[in-house]
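Input: a single structure, listed below in structure tokens.
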Amino acid sequence: MNCNEKEVLRDTIVEINLSCLGSNIKMIKDMVGSDVALMAVVKANGYGHGAVGIAPTLMENGATYLAVATLTEALELKKVYPDYPVFILGHTPDRLLHHVIDNNITQTVFSLKQAQLLDRLAQKSGKKAVVHIKVDTGFHRLGKEPSDEYAEEIADIFKLDHVYAEGIFSHLALAGEEENKNQFSHFMDFLDLLEKKGCVFRYKHIADSIALVDYPEYRLNMVRPGALLYGMRGFHTGFLGVKQALTFCTRISQLHRIPAGEGVSYDFLWKSSRDSIIATLPFGYADGYPRNLRDKGFVVINGIKCPIIGVLCMDQVMADVTDVPGVCEGMKAIIYGDGTDGSMTISEAASLAQTNKNDIIARISSRPPRVYTF
């Protein structure tokens, strides 16, 4: 069933199975238990799935929060779903913090100065700023390292009348089991110090997709799944049977019948070894397909793997479809699929492109329409 109401204006689309997405989040909820809140990470346009489009499914299936990286991402969600709790994982510059207050967004902070600014802005608006405090346990990205000085700073944040320090969090570097244990230990020791000072948080979180599966003891009372929501399994020891929710597909624009020895695309870097049928497909690297998959990537048409040939163009690629029986213009081609039909999975694409799965899905640009199905 297609749940889109607008006309789809391209043959190249990203199909998102919302039933699959809902099932994935339910599996995560069942694994962590009812006492652990779930912060669904939808940064980078929902890892390419369309944050606005998938938000209701995530919330309806148990997400306490939607988490993004930037203010612009948060505002996009709040414009459509003003009552959904949205959390900014990253830093918001001081000059823009009024948007956080105006739109009731929960903000990451790691300084008393910024908390005081939020306090003043919230007072003017008759509101209370909600924040989660970031602790740097070794990743060295955002936050301050656990120390007596930082504990005093956080204690002062708790004294602000118009700021609610709802949560505290950190992030694992995932460098190895021993390093993870050290980071977690630093975090818990710091929490103990803070609680002795009367700083008690509603939410404490450090576990991402990998940690929440591999390290149950790290779940605390909130977890932050990202890739796992979308069916990307990257954990080292544990297992959860989530399924890929995304299919990237297109349709043949034109067919060319060429003789042996004929070149295709820029510089004729590919030449046919036989009389061939070449399909032009209306997607390219501007849609987020890795350009380095030239002569490595493939699409699946009617169950047949068709190699992508020649230099990839910005908006179009060519594929050898000689072996597809009855091939014709308009036929569907699967760019990324779940692999059950022989299609290239996100994992396979990542391996061929020498990157990770998150990079593959997050780089899919906004050009292909997102089509939501059940």
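As shown in the structure tokens, the chain order sets the letters A, B, ...; within each chain, residues go from 1, and ligands are also counted from 1 in the order they appear.
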- Message: Applying 8 Å and only C-alpha atoms, which residues near range 302-306 of chain A remain after dropping the ones on its own chain fewer than 2 positions away? List them as a PyMOL selection string.
- Response: chain A and resi 298-300+308+319-321+323-324+332-333+341-343
Export C-alpha atoms of the chosen residues as a short mmCIF file (atom, residue, chain, number, x, y, z; two decimals), in the first residue's frame?
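Once everything was written out, this is selection23.cif:
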data_model
loop_
_atom_site.label_atom_id
_atom_site.label_comp_id
_atom_site.auth_asym_id
_atom_site.auth_seq_id
_atom_site.Cartn_x
_atom_site.Cartn_y
_atom_site.Cartn_z
CA PHE A 298 25.07 -3.10 -10.40
CA VAL A 299 21.29 -2.84 -10.49
CA VAL A 300 18.79 -5.68 -10.59
CA ILE A 308 26.81 -0.35 -14.11
CA ALA A 319 23.96 -0.38 -17.24
CA ASP A 320 24.52 -3.42 -19.43
CA VAL A 321 21.11 -5.09 -19.72
CA ASP A 323 21.06 -10.51 -20.50
CA VAL A 324 17.62 -9.30 -19.34
CA LYS A 332 12.07 -1.10 -12.77
CA ALA A 333 15.70 -1.28 -11.65
CA ASP A 341 16.00 -10.55 -5.09
CA GLY A 342 19.75 -10.44 -5.65
CA SER A 343 19.76 -6.67 -5.23
#
Contact table range 15-57 of chain A vs range 196-207 of chain A, cut-off 10 Å, shortest pair per residue, only C-alpha atoms, as JSON lines:
{"residue": "A:Val36", "atom": "CA", "partner": "A:Tyr203", "partner_atom": "CA", "distance": 9.2}
{"residue": "A:Ala37", "atom": "CA", "partner": "A:Tyr203", "partner_atom": "CA", "distance": 8.1}
{"residue": "A:Leu38", "atom": "CA", "partner": "A:His205", "partner_atom": "CA", "distance": 9.7}
{"residue": "A:Met39", "atom": "CA", "partner": "A:His205", "partner_atom": "CA", "distance": 9.3}
- Message: So that I can check the surroundings of Ala51 in chain A, please list as a VMD selection string every protein, DNA and RNA residue that reaches within 9 Å of it, counting only C-alpha atoms and ignoring chain neighbours fewer than 6 positions away.
- Response: chain A and resid 42 to 45 73 76 to 77
Create the file for the chosen residues now, containing all heavy atoms and written as a CSV table (one decimal), in the first residue's frame.
chain,number,residue,atom,x,y,z
A,42,VAL,N,17.2,10.7,14.2
A,42,VAL,CA,16.8,10.9,12.8
A,42,VAL,C,17.6,12.1,12.2
A,42,VAL,O,17.1,12.7,11.3
A,42,VAL,CB,15.2,11.3,12.8
A,42,VAL,CG1,14.4,10.1,13.3
A,42,VAL,CG2,14.9,12.5,13.7
A,43,LYS,N,18.8,12.2,12.6
A,43,LYS,CA,19.7,13.2,12.0
A,43,LYS,C,19.9,12.8,10.5
A,43,LYS,O,19.6,11.7,10.1
A,43,LYS,CB,21.0,13.4,12.7
A,43,LYS,CG,21.8,12.1,12.8
A,43,LYS,CD,23.0,12.3,13.6
A,43,LYS,CE,23.9,11.0,13.7
A,43,LYS,NZ,25.1,11.1,14.5
A,44,ALA,N,20.5,13.8,9.8
A,44,ALA,CA,20.8,13.5,8.3
A,44,ALA,C,19.6,13.0,7.6
A,44,ALA,O,19.7,12.0,6.8
A,44,ALA,CB,22.0,12.5,8.2
A,45,ASN,N,18.5,13.8,7.8
A,45,ASN,CA,17.3,13.4,7.1
A,45,ASN,C,16.8,12.0,7.4
A,45,ASN,O,16.4,11.3,6.5
A,45,ASN,CB,17.4,13.7,5.6
A,45,ASN,CG,16.0,13.7,4.9
A,45,ASN,OD1,15.0,14.1,5.5
A,45,ASN,ND2,15.9,13.4,3.6
A,73,GLU,N,17.7,20.9,11.4
A,73,GLU,CA,16.9,19.6,11.4
A,73,GLU,C,15.8,19.6,12.4
A,73,GLU,O,14.7,19.1,12.1
A,73,GLU,CB,17.9,18.5,11.6
A,73,GLU,CG,18.9,18.2,10.5
A,73,GLU,CD,19.9,17.2,10.9
A,73,GLU,OE1,20.2,16.9,12.1
A,73,GLU,OE2,20.5,16.6,10.0
A,76,GLU,N,12.9,21.8,11.1
A,76,GLU,CA,12.1,21.1,10.1
A,76,GLU,C,11.1,20.1,10.7
A,76,GLU,O,9.9,20.1,10.2
A,76,GLU,CB,13.1,20.3,9.2
A,76,GLU,CG,12.4,19.5,8.1
A,76,GLU,CD,13.3,18.6,7.3
A,76,GLU,OE1,14.3,18.1,7.9
A,76,GLU,OE2,13.1,18.4,6.1
A,77,LEU,N,11.4,19.4,11.7
A,77,LEU,CA,10.5,18.5,12.4
A,77,LEU,C,9.4,19.3,13.2
A,77,LEU,O,8.3,19.0,13.1
A,77,LEU,CB,11.2,17.6,13.3
A,77,LEU,CG,12.0,16.4,12.7
A,77,LEU,CD1,13.0,15.8,13.7
A,77,LEU,CD2,11.1,15.4,12.1
- Item | strand (DSSP E or B) per DSSP on the backbone: members of range 231-317 of chain A, as a ChimeraX atom specification | /A:246-251,254-258,263-264,270-271,276-281,298-301,304-309,317
Using C-alpha atoms, can you write the selected residues to a file as a PDB file, in the first residue's frame?
ATOM      1  CA  LEU A 246      14.848   1.285   2.439  1.00  0.00           C
ATOM      2  CA  THR A 247      14.759   0.412  -1.238  1.00  0.00           C
ATOM      3  CA  PHE A 248      16.380   2.758  -3.773  1.00  0.00           C
ATOM      4  CA  CYS A 249      15.028   2.197  -7.263  1.00  0.00           C
ATOM      5  CA  THR A 250      14.514   3.730 -10.694  1.00  0.00           C
ATOM      6  CA  ARG A 251      13.235   2.880 -14.193  1.00  0.00           C
ATOM      7  CA  GLN A 254      16.200   4.634 -22.824  1.00  0.00           C
ATOM      8  CA  LEU A 255      17.793   1.581 -24.445  1.00  0.00           C
ATOM      9  CA  HIS A 256      20.753   1.654 -26.829  1.00  0.00           C
ATOM     10  CA  ARG A 257      21.747  -1.290 -28.988  1.00  0.00           C
ATOM     11  CA  ILE A 258      25.462  -1.024 -29.698  1.00  0.00           C
ATOM     12  CA  GLY A 263      32.450   2.961 -25.975  1.00  0.00           C
ATOM     13  CA  VAL A 264      30.001   4.222 -23.354  1.00  0.00           C
ATOM     14  CA  TRP A 270      34.178   1.121 -20.911  1.00  0.00           C
ATOM     15  CA  LYS A 271      33.856  -0.589 -24.262  1.00  0.00           C
ATOM     16  CA  SER A 276      25.087  -5.148 -26.273  1.00  0.00           C
ATOM     17  CA  ILE A 277      21.930  -3.500 -25.001  1.00  0.00           C
ATOM     18  CA  ILE A 278      22.713  -0.531 -22.778  1.00  0.00           C
ATOM     19  CA  ALA A 279      20.129   1.052 -20.486  1.00  0.00           C
ATOM     20  CA  THR A 280      20.218   4.679 -19.428  1.00  0.00           C
ATOM     21  CA  LEU A 281      19.013   5.015 -15.836  1.00  0.00           C
ATOM     22  CA  PHE A 298      25.067  -3.098 -10.396  1.00  0.00           C
ATOM     23  CA  VAL A 299      21.293  -2.842 -10.494  1.00  0.00           C
ATOM     24  CA  VAL A 300      18.786  -5.681 -10.585  1.00  0.00           C
ATOM     25  CA  ILE A 301      16.175  -5.753 -13.336  1.00  0.00           C
ATOM     26  CA  ILE A 304      18.999 -10.171 -13.315  1.00  0.00           C
ATOM     27  CA  LYS A 305      22.139  -8.403 -12.102  1.00  0.00           C
ATOM     28  CA  CYS A 306      23.083  -5.712 -14.584  1.00  0.00           C
ATOM     29  CA  PRO A 307      26.527  -4.117 -14.172  1.00  0.00           C
ATOM     30  CA  ILE A 308      26.811  -0.354 -14.114  1.00  0.00           C
ATOM     31  CA  ILE A 309      29.288   0.556 -16.839  1.00  0.00           C
ATOM     32  CA  VAL A 317      24.241   6.098 -15.286  1.00  0.00           C
TER      33      VAL A 317
END
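CA of Gly50 in chain A is positioned 10.0 Å from CA of Ala362 in chain A.
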Could you name the residues that touch Asn61 in chain A at 7 Å or less, counting only C-alpha atoms, but leaving out those on the same chain fewer than 6 positions away, as a PDB file with C-alpha atoms, in the first residue's frame?
ATOM      1  CA  GLY A  22       7.825   0.097  13.020  1.00  0.00           C
ATOM      2  CA  ILE A  25      11.663  -0.055  16.726  1.00  0.00           C
ATOM      3  CA  LYS A  26       9.373  -2.548  18.466  1.00  0.00           C
TER       4      LYS A  26
END
- Query: What does the distance from CA of Arg233 in chain A to CA of Ile361 in chain A come to in Å, to one decimal?
  - Reply: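 Going from CA of Arg233 in chain A over to CA of Ile361 in chain A, I get 13.2 Å.
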- Task: List every residue of range 270-307 of chain A that DSSP, applied to the backbone of this structure, assigns to helix (DSSP H, G or I), and report them as a count of residues only.
- Result: 6
- Query: When distances are computed from only C-alpha atoms, which of A:Leu112, A:Leu174, A:Cys313, A:Ala286 shows the smallest separation from Phe139 in chain A?
  - Reply: A:Leu174
- Task: Quick one: pull the distance between CA of Tyr230 in chain A and CA of Gly176 in chain A, Å, one decimal.
- Result: 24.2 Å
